[in-house]
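Enquirer: Provided below: my_file-v1.cif, containing mmCIF, C-alpha atoms.
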```
data_final
loop_
_atom_site.label_atom_id
_atom_site.label_comp_id
_atom_site.auth_asym_id
_atom_site.auth_seq_id
_atom_site.Cartn_x
_atom_site.Cartn_y
_atom_site.Cartn_z
CA MET A 9 66.77 91.29 91.99
CA THR A 10 68.65 94.38 90.90
CA SER A 11 67.46 96.94 93.41
CA GLU A 12 68.00 100.65 93.29
CA ALA A 13 71.34 101.95 94.55
CA PRO A 14 71.20 102.55 98.30
CA ALA A 15 71.11 106.16 99.43
CA PRO A 16 74.65 107.56 99.60
CA ARG A 17 76.11 107.78 103.08
CA ARG A 18 76.55 111.33 104.19
CA ARG A 19 79.42 112.05 106.52
CA GLY A 20 79.78 115.50 107.97
CA ARG A 21 79.22 118.40 105.64
CA PRO A 22 79.37 117.76 101.90
CA PRO A 23 82.74 118.69 100.42
CA ARG A 24 82.83 121.69 98.16
CA ALA A 25 83.69 119.54 95.16
CA GLN A 26 80.34 117.77 95.34
CA ALA A 27 78.38 120.53 93.69
CA GLU A 28 80.67 120.39 90.64
CA ALA A 29 80.73 116.58 90.58
CA GLY A 30 77.12 116.34 89.45
CA PRO A 31 74.46 113.71 90.09
CA GLY A 32 76.33 110.78 88.44
CA ALA A 33 79.39 111.19 90.65
CA ARG A 34 78.66 108.28 92.99
CA GLU A 35 78.28 105.82 90.12
CA ARG A 36 81.39 107.22 88.41
CA ILE A 37 83.42 106.77 91.60
CA LEU A 38 82.22 103.20 91.98
CA GLU A 39 83.11 102.33 88.38
CA ALA A 40 86.53 103.95 88.80
CA ALA A 41 87.08 102.05 92.06
CA ARG A 42 86.24 98.76 90.41
CA ALA A 43 88.61 99.47 87.54
CA GLU A 44 91.40 100.58 89.88
CA PHE A 45 91.09 97.50 92.12
CA ALA A 46 91.00 95.28 89.01
CA GLN A 47 94.02 96.86 87.38
CA ARG A 48 96.25 97.66 90.35
CA GLY A 49 95.11 95.16 92.96
CA TYR A 50 93.99 95.93 96.46
CA ASP A 51 97.40 96.93 97.74
CA LYS A 52 98.24 99.59 95.19
CA THR A 53 94.79 101.15 94.96
CA SER A 54 94.27 104.35 96.92
CA VAL A 55 91.30 106.61 97.55
CA ARG A 56 93.33 109.37 95.93
CA GLY A 57 93.87 107.25 92.80
CA ILE A 58 90.18 106.37 92.60
CA ALA A 59 89.25 110.04 92.93
CA LYS A 60 91.66 110.95 90.16
CA ALA A 61 90.29 108.26 87.84
CA ALA A 62 86.73 109.40 88.53
CA ASP A 63 87.75 113.03 88.11
CA VAL A 64 86.45 114.10 91.50
CA ASP A 65 87.94 115.34 94.75
CA ALA A 66 89.22 112.62 97.14
CA ALA A 67 86.96 114.14 99.82
CA LEU A 68 83.96 113.17 97.73
CA VAL A 69 85.06 109.52 97.68
CA HIS A 70 85.35 109.60 101.48
CA HIS A 71 82.01 111.35 101.70
CA TYR A 72 80.14 108.69 99.74
CA PHE A 73 81.99 105.54 100.82
CA GLY A 74 84.28 106.19 103.77
CA THR A 75 87.61 104.32 103.98
CA LYS A 76 89.42 102.38 101.25
CA ASP A 77 88.04 99.14 102.75
CA GLU A 78 84.53 100.53 102.48
CA VAL A 79 85.07 101.52 98.85
CA PHE A 80 86.31 97.98 98.23
CA GLU A 81 83.19 96.62 99.90
CA ALA A 82 80.98 98.66 97.59
CA ALA A 83 82.99 97.48 94.57
CA VAL A 84 82.69 93.84 95.70
CA GLU A 85 78.93 94.24 96.08
CA MET A 86 78.71 95.64 92.58
CA THR A 87 80.93 92.88 91.14
CA LEU A 88 79.28 90.00 92.95
CA GLU A 89 75.77 91.16 92.11
CA PRO A 90 75.38 88.06 89.87
CA VAL A 91 76.21 85.83 92.83
CA GLN A 92 73.20 87.23 94.63
CA LEU A 93 71.07 85.61 91.96
CA VAL A 94 72.11 82.15 93.12
CA PRO A 95 69.28 81.78 95.67
CA LEU A 96 66.88 82.72 92.87
CA ILE A 97 68.36 80.00 90.67
CA LEU A 98 67.99 77.49 93.44
CA GLY A 99 64.43 78.40 94.18
CA ALA A 100 63.30 79.44 90.72
CA GLU A 101 61.72 76.24 89.53
CA ASP A 102 60.32 73.14 91.13
CA ASP A 103 62.80 71.09 89.14
CA ILE A 104 65.18 70.22 91.98
CA ASP A 105 66.85 67.57 89.80
CA GLY A 106 68.11 70.29 87.48
CA VAL A 107 69.56 72.60 90.11
CA GLY A 108 73.16 71.36 89.73
CA GLU A 109 73.12 71.90 86.00
CA ARG A 110 71.45 75.33 86.24
CA LEU A 111 73.98 76.46 88.79
CA ALA A 112 76.99 75.11 86.84
CA ARG A 113 75.80 76.76 83.62
CA TYR A 114 75.16 80.05 85.39
CA PHE A 115 78.62 80.17 87.03
CA ILE A 116 80.48 79.14 83.89
CA GLY A 117 78.52 81.77 81.99
CA VAL A 118 79.55 84.51 84.41
CA TRP A 119 83.21 83.44 84.12
CA GLU A 120 83.08 83.07 80.33
CA ASN A 121 82.01 86.71 80.01
CA PRO A 122 85.35 88.59 79.79
CA ALA A 123 84.04 91.71 81.56
CA THR A 124 82.62 89.81 84.54
CA ARG A 125 85.68 87.56 84.64
CA ALA A 126 88.10 90.47 84.99
CA GLN A 127 86.11 91.88 87.90
CA LEU A 128 85.82 88.53 89.65
CA LEU A 129 89.54 87.88 89.23
CA ALA A 130 90.32 91.25 90.79
CA VAL A 131 88.16 90.46 93.80
CA PHE A 132 89.68 87.00 94.22
CA ARG A 133 93.26 88.17 93.81
CA SER A 134 92.69 90.87 96.40
CA ALA A 135 91.11 88.43 98.84
CA LEU A 136 93.91 85.91 98.34
CA THR A 137 96.62 88.41 99.07
CA HIS A 138 95.11 90.81 101.62
CA GLU A 139 93.30 89.88 104.79
CA ALA A 140 91.27 93.09 104.75
CA ALA A 141 89.91 92.20 101.32
CA ALA A 142 89.30 88.58 102.38
CA LYS A 143 87.26 89.87 105.32
CA VAL A 144 85.05 91.96 103.05
CA LEU A 145 84.48 89.05 100.66
CA ARG A 146 83.78 86.65 103.54
CA ALA A 147 81.17 88.96 105.06
CA PHE A 148 79.51 89.51 101.70
CA VAL A 149 79.30 85.82 100.82
CA LEU A 150 77.98 84.90 104.24
CA ARG A 151 75.39 87.64 104.48
CA ARG A 152 74.20 87.92 100.92
CA VAL A 153 74.42 84.41 99.57
CA LEU A 154 74.83 81.61 102.07
CA GLU A 155 72.08 82.70 104.40
CA ARG A 156 69.61 82.81 101.54
CA VAL A 157 70.79 79.56 99.98
CA ALA A 158 70.60 77.81 103.32
CA ALA A 159 67.01 79.01 103.71
CA ASP A 160 66.08 77.56 100.30
CA LEU A 161 67.75 74.16 100.65
CA LYS A 162 65.87 71.49 102.50
CA VAL A 163 68.91 69.51 103.67
CA PRO A 164 70.88 69.43 106.92
CA ASP A 165 74.22 71.32 106.89
CA ALA A 166 72.84 73.52 104.10
CA ARG A 167 75.52 76.18 104.47
CA LEU A 168 78.39 73.73 104.44
CA ARG A 169 76.89 72.12 101.35
CA ALA A 170 76.47 75.46 99.61
CA GLU A 171 80.13 76.23 100.34
CA LEU A 172 81.30 72.91 98.97
CA ALA A 173 79.38 73.65 95.77
CA ALA A 174 80.95 77.11 95.68
CA SER A 175 84.41 75.61 96.29
CA GLN A 176 84.03 73.43 93.19
CA MET A 177 83.30 76.48 91.05
CA VAL A 178 86.07 78.55 92.66
CA GLY A 179 88.58 75.77 92.02
CA ILE A 180 87.58 75.54 88.36
CA ALA A 181 87.90 79.32 88.06
CA VAL A 182 91.43 79.18 89.52
CA LEU A 183 92.67 76.34 87.31
CA ARG A 184 90.84 77.34 84.11
CA TYR A 185 90.97 81.13 84.14
CA VAL A 186 93.93 82.05 86.34
CA ILE A 187 96.58 79.31 86.22
CA LYS A 188 95.20 78.12 82.86
CA VAL A 189 96.11 74.46 83.14
CA GLU A 190 95.34 72.44 80.02
CA PRO A 191 93.16 70.70 79.00
CA LEU A 192 90.78 72.40 81.45
CA ALA A 193 91.62 75.89 80.17
CA SER A 194 90.48 75.03 76.63
CA ALA A 195 87.70 72.60 77.46
CA ASP A 196 84.27 73.31 75.99
CA PRO A 197 82.14 75.11 78.60
CA GLU A 198 79.28 72.67 78.00
CA GLU A 199 81.61 69.72 78.68
CA ILE A 200 82.55 71.28 82.03
CA VAL A 201 78.89 71.90 82.88
CA ARG A 202 78.11 68.28 82.05
CA MET A 203 80.89 66.93 84.29
CA VAL A 204 80.40 69.34 87.18
CA ALA A 205 76.59 69.45 87.40
CA PRO A 206 76.31 66.06 89.22
CA THR A 207 78.83 67.27 91.82
CA LEU A 208 76.78 70.39 92.60
CA GLN A 209 73.58 68.39 92.50
CA ARG A 210 74.90 65.92 95.08
CA TYR A 211 76.22 68.63 97.43
CA LEU A 212 72.99 70.60 97.33
CA THR A 213 70.38 67.88 97.43
CA ALA A 214 71.71 64.42 98.31
CA MET B 9 109.54 58.58 95.10
CA THR B 10 111.82 61.09 96.79
CA SER B 11 114.85 61.04 94.56
CA GLU B 12 118.22 62.55 95.32
CA ALA B 13 118.64 66.23 94.57
CA PRO B 14 119.64 66.75 90.93
CA ALA B 15 123.22 67.74 90.29
CA PRO B 16 123.58 71.51 90.62
CA ARG B 17 123.72 73.41 87.35
CA ARG B 18 127.10 74.94 86.78
CA ARG B 19 127.20 78.21 84.91
CA GLY B 20 130.56 79.70 83.99
CA ARG B 21 133.25 79.59 86.58
CA PRO B 22 132.23 79.03 90.20
CA PRO B 23 132.11 82.28 92.14
CA ARG B 24 134.71 82.81 94.78
CA ALA B 25 132.14 82.66 97.54
CA GLN B 26 131.41 79.03 96.76
CA ALA B 27 134.41 77.63 98.59
CA GLU B 28 133.33 79.42 101.78
CA ALA B 29 129.69 78.46 101.34
CA GLY B 30 130.34 74.82 102.12
CA PRO B 31 128.60 71.65 100.94
CA GLY B 32 125.14 72.47 102.40
CA ALA B 33 124.89 75.80 100.57
CA ARG B 34 122.53 74.63 97.83
CA GLU B 35 120.00 73.25 100.32
CA ARG B 36 120.33 76.36 102.48
CA ILE B 37 119.63 78.60 99.48
CA LEU B 38 116.56 76.56 98.57
CA GLU B 39 115.16 76.74 102.10
CA ALA B 40 115.82 80.48 102.20
CA ALA B 41 114.15 80.91 98.80
CA ARG B 42 111.09 79.01 99.96
CA ALA B 43 110.84 81.12 103.10
CA GLU B 44 111.33 84.37 101.19
CA PHE B 45 108.69 83.54 98.57
CA ALA B 46 106.31 82.47 101.36
CA GLN B 47 106.83 85.59 103.46
CA ARG B 48 107.23 88.29 100.84
CA GLY B 49 105.41 86.89 97.85
CA TYR B 50 106.78 86.46 94.37
CA ASP B 51 106.90 90.14 93.55
CA LYS B 52 108.97 91.34 96.48
CA THR B 53 111.42 88.42 96.58
CA SER B 54 114.81 89.02 94.99
CA VAL B 55 117.86 86.84 94.34
CA ARG B 56 119.79 89.30 96.49
CA GLY B 57 117.33 88.87 99.37
CA ILE B 58 117.47 85.09 99.10
CA ALA B 59 121.27 85.18 99.14
CA LYS B 60 121.23 87.37 102.22
CA ALA B 61 118.81 85.08 104.05
CA ALA B 62 120.96 82.05 103.15
CA ASP B 63 124.12 83.93 104.12
CA VAL B 64 125.81 83.40 100.74
CA ASP B 65 126.86 85.57 97.84
CA ALA B 66 124.13 86.39 95.29
CA ALA B 67 126.46 84.98 92.59
CA LEU B 68 126.16 81.58 94.23
CA VAL B 69 122.36 81.66 93.96
CA HIS B 70 122.69 82.45 90.24
CA HIS B 71 125.31 79.73 89.92
CA TYR B 72 123.11 76.99 91.35
CA PHE B 73 119.69 78.06 90.08
CA GLY B 74 119.96 80.82 87.47
CA THR B 75 117.28 83.53 87.36
CA LYS B 76 114.66 84.39 89.99
CA ASP B 77 112.09 82.41 87.97
CA GLU B 78 114.36 79.39 88.08
CA VAL B 79 114.82 79.70 91.84
CA PHE B 80 111.04 79.88 92.13
CA GLU B 81 110.75 76.75 90.03
CA ALA B 82 113.11 74.87 92.34
CA ALA B 83 111.15 76.11 95.37
CA VAL B 84 107.86 74.99 93.79
CA GLU B 85 109.32 71.55 93.10
CA MET B 86 110.38 71.26 96.72
CA THR B 87 107.00 72.51 98.02
CA LEU B 88 104.87 70.38 95.73
CA GLU B 89 106.86 67.21 96.36
CA PRO B 90 103.81 65.77 98.18
CA VAL B 91 101.72 66.33 95.03
CA GLN B 92 104.06 64.03 93.16
CA LEU B 93 102.85 61.25 95.41
CA VAL B 94 99.35 61.49 93.96
CA PRO B 95 100.02 58.98 91.15
CA LEU B 96 101.32 56.61 93.80
CA ILE B 97 98.10 57.03 95.77
CA LEU B 98 96.05 56.36 92.67
CA GLY B 99 97.98 53.26 91.73
CA ALA B 100 98.94 52.05 95.20
CA GLU B 101 96.20 49.52 95.79
CA ASP B 102 93.78 47.60 93.66
CA ASP B 103 90.95 49.16 95.64
CA ILE B 104 89.71 51.54 92.94
CA ASP B 105 86.52 52.18 94.95
CA GLY B 106 88.60 53.80 97.67
CA VAL B 107 90.64 56.14 95.48
CA GLY B 108 88.43 59.21 96.03
CA GLU B 109 88.59 58.87 99.79
CA ARG B 110 92.36 58.22 99.84
CA LEU B 111 92.98 61.26 97.68
CA ALA B 112 90.66 63.53 99.70
CA ARG B 113 92.28 62.44 102.97
CA TYR B 114 95.77 62.90 101.59
CA PHE B 115 95.08 66.45 100.30
CA ILE B 116 93.29 67.58 103.45
CA GLY B 117 96.19 66.14 105.48
CA VAL B 118 98.74 68.16 103.51
CA TRP B 119 96.69 71.34 104.00
CA GLU B 120 96.01 70.68 107.69
CA ASN B 121 99.75 70.56 108.36
CA PRO B 122 100.60 74.23 109.11
CA ALA B 123 104.13 73.99 107.63
CA THR B 124 102.96 72.51 104.31
CA ARG B 125 99.99 74.84 104.23
CA ALA B 126 102.13 77.97 104.46
CA GLN B 127 104.29 76.80 101.57
CA LEU B 128 101.33 75.85 99.41
CA LEU B 129 99.65 79.18 100.09
CA ALA B 130 102.80 81.00 99.04
CA VAL B 131 102.92 79.10 95.75
CA PHE B 132 99.22 79.70 95.06
CA ARG B 133 99.31 83.38 95.96
CA SER B 134 102.29 83.87 93.67
CA ALA B 135 100.63 82.00 90.81
CA LEU B 136 97.39 83.96 91.25
CA THR B 137 99.11 87.31 91.11
CA HIS B 138 102.06 86.81 88.74
CA GLU B 139 101.95 85.24 85.32
CA ALA B 140 105.61 84.12 85.56
CA ALA B 141 104.80 82.17 88.72
CA ALA B 142 101.61 80.76 87.15
CA LYS B 143 103.68 79.51 84.23
CA VAL B 144 106.07 77.66 86.52
CA LEU B 145 103.22 76.07 88.46
CA ARG B 146 101.38 75.13 85.27
CA ALA B 147 104.45 73.41 83.79
CA PHE B 148 105.13 71.55 87.02
CA VAL B 149 101.59 70.29 87.44
CA LEU B 150 101.38 69.19 83.80
CA ARG B 151 104.73 67.44 83.65
CA ARG B 152 105.01 65.95 87.11
CA VAL B 153 101.47 65.08 88.05
CA LEU B 154 98.90 65.06 85.28
CA GLU B 155 100.91 63.00 82.84
CA ARG B 156 101.41 60.31 85.45
CA VAL B 157 97.85 60.38 86.72
CA ALA B 158 96.53 60.15 83.17
CA ALA B 159 98.71 57.09 82.60
CA ASP B 160 97.25 55.38 85.69
CA LEU B 161 93.59 56.12 85.08
CA LYS B 162 91.73 53.85 82.74
CA VAL B 163 89.10 56.38 81.64
CA PRO B 164 88.75 58.66 78.61
CA ASP B 165 89.66 62.33 79.19
CA ALA B 166 91.88 61.24 82.08
CA ARG B 167 93.71 64.57 82.29
CA LEU B 168 90.57 66.66 82.30
CA ARG B 169 89.15 64.40 84.99
CA ALA B 170 92.30 64.68 87.08
CA GLU B 171 92.11 68.47 86.80
CA LEU B 172 88.48 68.55 87.87
CA ALA B 173 89.43 66.51 90.93
CA ALA B 174 92.30 68.92 91.58
CA SER B 175 89.97 71.90 91.12
CA GLN B 176 87.70 70.59 93.88
CA MET B 177 90.62 70.43 96.30
CA VAL B 178 91.99 73.81 95.22
CA GLY B 179 88.58 75.41 95.75
CA ILE B 180 88.30 73.95 99.25
CA ALA B 181 91.79 75.21 100.04
CA VAL B 182 90.83 78.73 98.91
CA LEU B 183 87.55 78.92 100.85
CA ARG B 184 88.72 77.03 103.96
CA TYR B 185 92.30 78.15 104.42
CA VAL B 186 92.57 81.50 102.61
CA ILE B 187 89.22 83.28 102.66
CA LYS B 188 88.15 81.24 105.72
CA VAL B 189 84.41 81.19 105.08
CA GLU B 190 82.40 79.56 107.85
CA PRO B 191 81.24 76.87 108.45
CA LEU B 192 83.76 75.34 106.00
CA ALA B 193 86.75 76.91 107.76
CA SER B 194 85.93 75.15 111.03
CA ALA B 195 84.44 71.95 109.66
CA ASP B 196 85.91 68.67 110.89
CA PRO B 197 88.47 67.43 108.32
CA GLU B 198 86.87 63.99 108.36
CA GLU B 199 83.47 65.52 107.55
CA ILE B 200 85.03 67.23 104.52
CA VAL B 201 86.70 63.99 103.41
CA ARG B 202 83.38 62.20 103.72
CA MET B 203 81.53 64.76 101.61
CA VAL B 204 84.24 65.29 98.99
CA ALA B 205 85.41 61.71 98.43
CA PRO B 206 82.42 60.78 96.20
CA THR B 207 83.12 63.83 94.02
CA LEU B 208 86.73 62.78 93.43
CA GLN B 209 85.69 59.16 92.98
CA ARG B 210 83.22 60.09 90.26
CA TYR B 211 85.64 62.36 88.39
CA LEU B 212 88.42 59.78 88.43
CA THR B 213 86.54 56.59 87.74
CA ALA B 214 82.94 57.07 86.59
#
```
Could you write out this structure as structure tokens?
Expert:
Amino acid sequence: MTSEAPAPRRRGRPPRAQAEAGPGARERILEAARAEFAQRGYDKTSVRGIAKAADVDAALVHHYFGTKDEVFEAAVEMTLEPVQLVPLILGAEDDIDGVGERLARYFIGVWENPATRAQLLAVFRSALTHEAAAKVLRAFVLRRVLERVAADLKVPDARLRAELAASQMVGIAVLRYVIKVEPLASADPEEIVRMVAPTLQRYLTA
Amino acid sequence: MTSEAPAPRRRGRPPRAQAEAGPGARERILEAARAEFAQRGYDKTSVRGIAKAADVDAALVHHYFGTKDEVFEAAVEMTLEPVQLVPLILGAEDDIDGVGERLARYFIGVWENPATRAQLLAVFRSALTHEAAAKVLRAFVLRRVLERVAADLKVPDARLRAELAASQMVGIAVLRYVIKVEPLASADPEEIVRMVAPTLQRYLTA
């Protein structure tokens, strides 16, 4: 599923700094962008700040990614890469009865990993507070996940059902990892999987 | 359920401005606080700004409510008043089979009302981006809702179950009203109630 990085966009002539930046510059910028958005939030992150953190010229950031929104889009794609695996999980085995449990365990696993969790939280916080970020997330989820899930599911209203399943996992993420309401915040991950799996199963197949 | 407003806290001597502020000042401050938190977010709202919007002295805001966190707490209580009705909904009728549907319809109704929705969004955005606000929301939900719901439900792990039900509604609110992912954003409210009610029913009673 993990494909090679797409060819960098080239806008106008390459900035002078590019030669010095070296071949890993694009990846370094993307990592810096992700860290900046995670630490500062969408609002306070700037192309200039990303460039500084990546130790390159701001022109190089523009050259590879374009505007701040477009850098955010690239960071979201990188962060939500695991989410793109969801259609694979749905279609991976013929065991349709186990799809709810597989999906619940996969999502909880992604959130239980502190590194992935921090990135996901940054994306969600940005989307919840800035319409521009929400738009990027919306487009990504629609294009990269829902269309594929809908193609795999053999039920009517497949997209709506996929979103209801997603909403259950988003809500758990908010209450468990962000607001940290007890006892959900300290509940055993396997207990959550056990209780949530039938919900996902019903949305996706019933 | 709606009780009278608690007696205002009195700290030190009343500020001079109080006499001029008149008897409706406390309510006016609370409304102004709610509007300020909703419009500006937790971070950018100040006691001074609230006082200005309510047309009173900042000392009077401190006098009635204390710190900014305490004003936020009072605003959250006022906003989440509908949530306090949840235990009533659970215990209202002997029809335990209908509890999931009643709860789903009640929550969707609160979110479909544009006035309530704006207030709820303000509270959630604040809690998602500021730990101080998350703490206030967490304490409110625990003390005012979960303890009562847990007392009404005759199942083991009643609090965890109540939170899972809440997480489903929170997730729908995020995807439908904040990120606005289609087709969920435009789905008929009754269709959502129909699909979500069995989820809530299972969490709360099965």
Enquirer: From the options A:Asp160, A:Glu120, A:Asp51, A:Glu81, which residue's atoms come nearest to chain B, counting all atoms listed in the file?
Expert: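 Looking only at the distances to chain B, the closest residue turns out to be A:Asp51.
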Enquirer: The PyMOL selection byres ((chain A) within 6 of (chain B)) - which residues does that actually catch in the file I just gave you? List them as number ranges by chain.
Expert: A: 142, 146, 168, 175-176, 178-180, 187, 189, 191-192, 207
Enquirer: Given the choices A:Val55, A:Pro164, A:Glu199, A:Gly117, which gets closest to Phe80 of chain A if the distance is worked out from only C-alpha atoms?
Expert: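 Among the listed residues, A:Val55 lies closest to Phe80 of chain A.
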Enquirer: Tell me which residues the PyMOL selection byres ((chain A and resi 110) around 12) grabs here, as a PyMOL selection string.
Expert: chain A and resi 93-101+103-109+111-117+198+201-202+204-206+208-209
Enquirer: Kindly save the residues from that selection, with C-alpha atoms included, as an mmCIF file, keeping the file's coordinate frame.
Expert:
```
data_model
loop_
_atom_site.group_PDB
_atom_site.id
_atom_site.type_symbol
_atom_site.label_atom_id
_atom_site.label_comp_id
_atom_site.auth_asym_id
_atom_site.auth_seq_id
_atom_site.Cartn_x
_atom_site.Cartn_y
_atom_site.Cartn_z
ATOM 1 C CA LEU A 93 71.070 85.610 91.960
ATOM 2 C CA VAL A 94 72.110 82.150 93.120
ATOM 3 C CA PRO A 95 69.280 81.780 95.670
ATOM 4 C CA LEU A 96 66.880 82.720 92.870
ATOM 5 C CA ILE A 97 68.360 80.000 90.670
ATOM 6 C CA LEU A 98 67.990 77.490 93.440
ATOM 7 C CA GLY A 99 64.430 78.400 94.180
ATOM 8 C CA ALA A 100 63.300 79.440 90.720
ATOM 9 C CA GLU A 101 61.720 76.240 89.530
ATOM 10 C CA ASP A 103 62.800 71.090 89.140
ATOM 11 C CA ILE A 104 65.180 70.220 91.980
ATOM 12 C CA ASP A 105 66.850 67.570 89.800
ATOM 13 C CA GLY A 106 68.110 70.290 87.480
ATOM 14 C CA VAL A 107 69.560 72.600 90.110
ATOM 15 C CA GLY A 108 73.160 71.360 89.730
ATOM 16 C CA GLU A 109 73.120 71.900 86.000
ATOM 17 C CA LEU A 111 73.980 76.460 88.790
ATOM 18 C CA ALA A 112 76.990 75.110 86.840
ATOM 19 C CA ARG A 113 75.800 76.760 83.620
ATOM 20 C CA TYR A 114 75.160 80.050 85.390
ATOM 21 C CA PHE A 115 78.620 80.170 87.030
ATOM 22 C CA ILE A 116 80.480 79.140 83.890
ATOM 23 C CA GLY A 117 78.520 81.770 81.990
ATOM 24 C CA GLU A 198 79.280 72.670 78.000
ATOM 25 C CA VAL A 201 78.890 71.900 82.880
ATOM 26 C CA ARG A 202 78.110 68.280 82.050
ATOM 27 C CA VAL A 204 80.400 69.340 87.180
ATOM 28 C CA ALA A 205 76.590 69.450 87.400
ATOM 29 C CA PRO A 206 76.310 66.060 89.220
ATOM 30 C CA LEU A 208 76.780 70.390 92.600
ATOM 31 C CA GLN A 209 73.580 68.390 92.500
#
```
Enquirer: Hey, can I get the axis-aligned box for segment 138-141 of chain A? All listed atoms, 3 Å padding on each side, centre and edge lengths in Å to one decimal, as AutoDock Vina command-line options.
Expert:
```
--center_x 92.5 --center_y 91.5 --center_z 103.1 --size_x 11.2 --size_y 9.2 --size_z 9.5
```
Enquirer: One number please: atom CA of Val64 of chain B to atom CA of Arg34 of chain B, in Å, one decimal.
Expert: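 Here the two named atoms are 9.8 Å from each other.
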Enquirer: Convert the output of the PyMOL selection byres ((chain B and resi 38) around 10) on the shown file into explicit residues, formatted as a PyMOL selection string.
Expert: chain B and resi 33-37+39-44+58-59+62+69+72-73+79-80+82-83+86
Enquirer: One decimal, Å: what's the distance from atom CA of Ala214 of chain B over to atom CA of Arg156 of chain B, could you say?
Expert: 18.8 Å
